[in-house]
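Beneath this line is the structure, given in structure tokens, with notes to follow.
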Amino acid sequence: MLENQEIRGKPLVLLAAALVALPAPAHAADWRLTAARHTRFGPSLAFLDLRSIRGGDGRVQFTTLTFYGRQTRRMNRVAAAVVADCRSMTYRFQHIILYRNQQPLSQWHSATVVLAAPRSNVYDTISAACGASDAGMHVERVESFAAGYFQRRSKRTFAS
């Protein structure tokens, strides 16, 4: 079950959502590129904050960012706090925010646990958070990295 809240057009709500939407880490993020693939929403890049990983006994919590090369359903970025089971590869979104550029569009959470599909961004990110796969390369500024990646990719597409 998904709980959805629209947060467009309310300046104080937008500010509050940006400040408290995801648990504020008491650390500097260590973003790792966990996936770069074409999805049903277009080309995407998924990142895991290695320092956000918490848990034990095969269960982890972590934060993740996913960027899309084009706007789909009016959004092009997703920030999420995820709870996952490493053995079963199931997960739920503790908190998720959809963005268009830097503007939050909506936020919600899932009450239902879902099985991560192999060869998906969430599967790769859970695998990295659980230590079952390499966490990927370190990326200092994920927004700049994603913008540059999609810009180079679009130039190659039009040049072909």
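The chains in the structure tokens are called A, B, ... from first to last as shown; in each chain the residues are counted from 1, and the ligands are counted from 1 in the order shown.
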Listing only residues of range 18-102 of chain A within 9 Å of range 124-145 of chain A, what is the closest atom pair and its distance in Å (to one decimal) for each, using only C-alpha atoms, sorted by chain and residue number ascending, as a tab-separated table?
residue	atom	partner	partner_atom	distance
A:Ala29	CA	A:Glu140	CA	8.7
A:Asp30	CA	A:His138	CA	6.9
A:Trp31	CA	A:Val139	CA	5.5
A:Arg32	CA	A:His138	CA	4.6
A:Leu33	CA	A:Gly136	CA	5.1
A:Thr34	CA	A:Gly136	CA	5.3
A:Ala35	CA	A:Asp124	CA	6.4
A:Ala46	CA	A:Thr125	CA	7.4
A:Phe47	CA	A:Thr125	CA	7.4
A:Leu48	CA	A:Thr125	CA	6.4
A:Asp49	CA	A:Ala129	CA	8.8
A:Leu50	CA	A:Ala129	CA	7.2
A:Ile53	CA	A:Ala129	CA	6.6
A:Gly58	CA	A:Cys130	CA	7.5
A:Arg59	CA	A:Cys130	CA	8.0
A:Val60	CA	A:Cys130	CA	6.9
A:Gln61	CA	A:Ala129	CA	8.2
A:Phe62	CA	A:Ala129	CA	7.3
A:Thr64	CA	A:Thr125	CA	7.8
A:Leu65	CA	A:Val142	CA	8.6
A:Phe67	CA	A:Glu143	CA	8.3
A:Val82	CA	A:Ile126	CA	8.8
A:Ala84	CA	A:Ile126	CA	6.9
A:Asp85	CA	A:Ile126	CA	8.4
A:Cys86	CA	A:Cys130	CA	5.8
A:Met89	CA	A:Ile126	CA	7.2
A:Thr90	CA	A:Ile126	CA	8.8
A:Tyr91	CA	A:Ile126	CA	8.4
* To do: as an MDAnalysis selection string, please: all residues of range 73-159 of chain A that backbone DSSP puts in alpha helix (DSSP H).
  => chainID A and resid 121:130 142:159
* **Given only C-alpha atoms as the counted atoms, nearest of A:Gly56, A:Ala117, A:Gly69, A:Gln103 to His38 in chain A** => A:Gly69
* Structure fact -> Correct to one decimal, the distance CA of Ser110 in chain A-CA of Ala146 in chain A is 26.4 Å
Selection: 9 Å around Thr66 in chain A, only C-alpha atoms, excl. self and same-chain fewer than 4 positions, as a compact mmCIF listing (two decimals) with N, CA and C atoms, in the first residue's frame:
# COMPACT_ATOMS: atom_id res chain seq x y z
N SER A 44 19.02 5.71 -16.69
CA SER A 44 19.05 6.05 -15.27
C SER A 44 20.41 5.77 -14.66
N LEU A 45 20.66 6.47 -13.56
CA LEU A 45 21.84 6.25 -12.72
C LEU A 45 21.35 6.09 -11.28
N ALA A 46 21.80 5.03 -10.60
CA ALA A 46 21.41 4.80 -9.21
C ALA A 46 22.64 4.92 -8.32
N PHE A 47 22.47 5.57 -7.19
CA PHE A 47 23.55 5.81 -6.24
C PHE A 47 23.14 5.35 -4.84
N LEU A 48 24.11 4.85 -4.10
CA LEU A 48 23.94 4.42 -2.71
C LEU A 48 24.87 5.23 -1.84
N ASN A 76 12.25 13.50 -12.57
CA ASN A 76 13.52 13.05 -13.13
C ASN A 76 14.54 12.64 -12.07
N ARG A 77 14.10 12.60 -10.81
CA ARG A 77 14.99 12.19 -9.72
C ARG A 77 14.16 11.61 -8.59
N VAL A 78 14.71 10.60 -7.92
CA VAL A 78 14.06 9.97 -6.78
C VAL A 78 15.06 9.86 -5.64
N ALA A 79 14.66 10.26 -4.45
CA ALA A 79 15.46 10.07 -3.24
C ALA A 79 14.67 9.14 -2.34
N ALA A 80 15.33 8.12 -1.79
CA ALA A 80 14.59 7.15 -0.97
C ALA A 80 15.41 6.66 0.21
N ASN A 121 17.64 -1.37 -10.82
CA ASN A 121 18.42 -0.46 -9.98
C ASN A 121 18.31 -0.82 -8.51
* A:Arg119, A:Val113, A:Thr63, A:Tyr149 ranked by distance to Ile96 in chain A, top pick (using only C-alpha atoms) ->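 Once distances to Ile96 in chain A are computed over only C-alpha atoms, the minimum belongs to A:Thr63.
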* Pick from A:Gly148, A:Gly55, A:Pro118, A:Pro43, whichever lies nearest to Val83 in chain A using only C-alpha atoms ->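 Among the listed residues, A:Gly55 lies closest to Val83 in chain A.
The two atoms in question, CA of Asn101 in chain A and CA of Gln71 in chain A, are spaced 8.9 Å apart.
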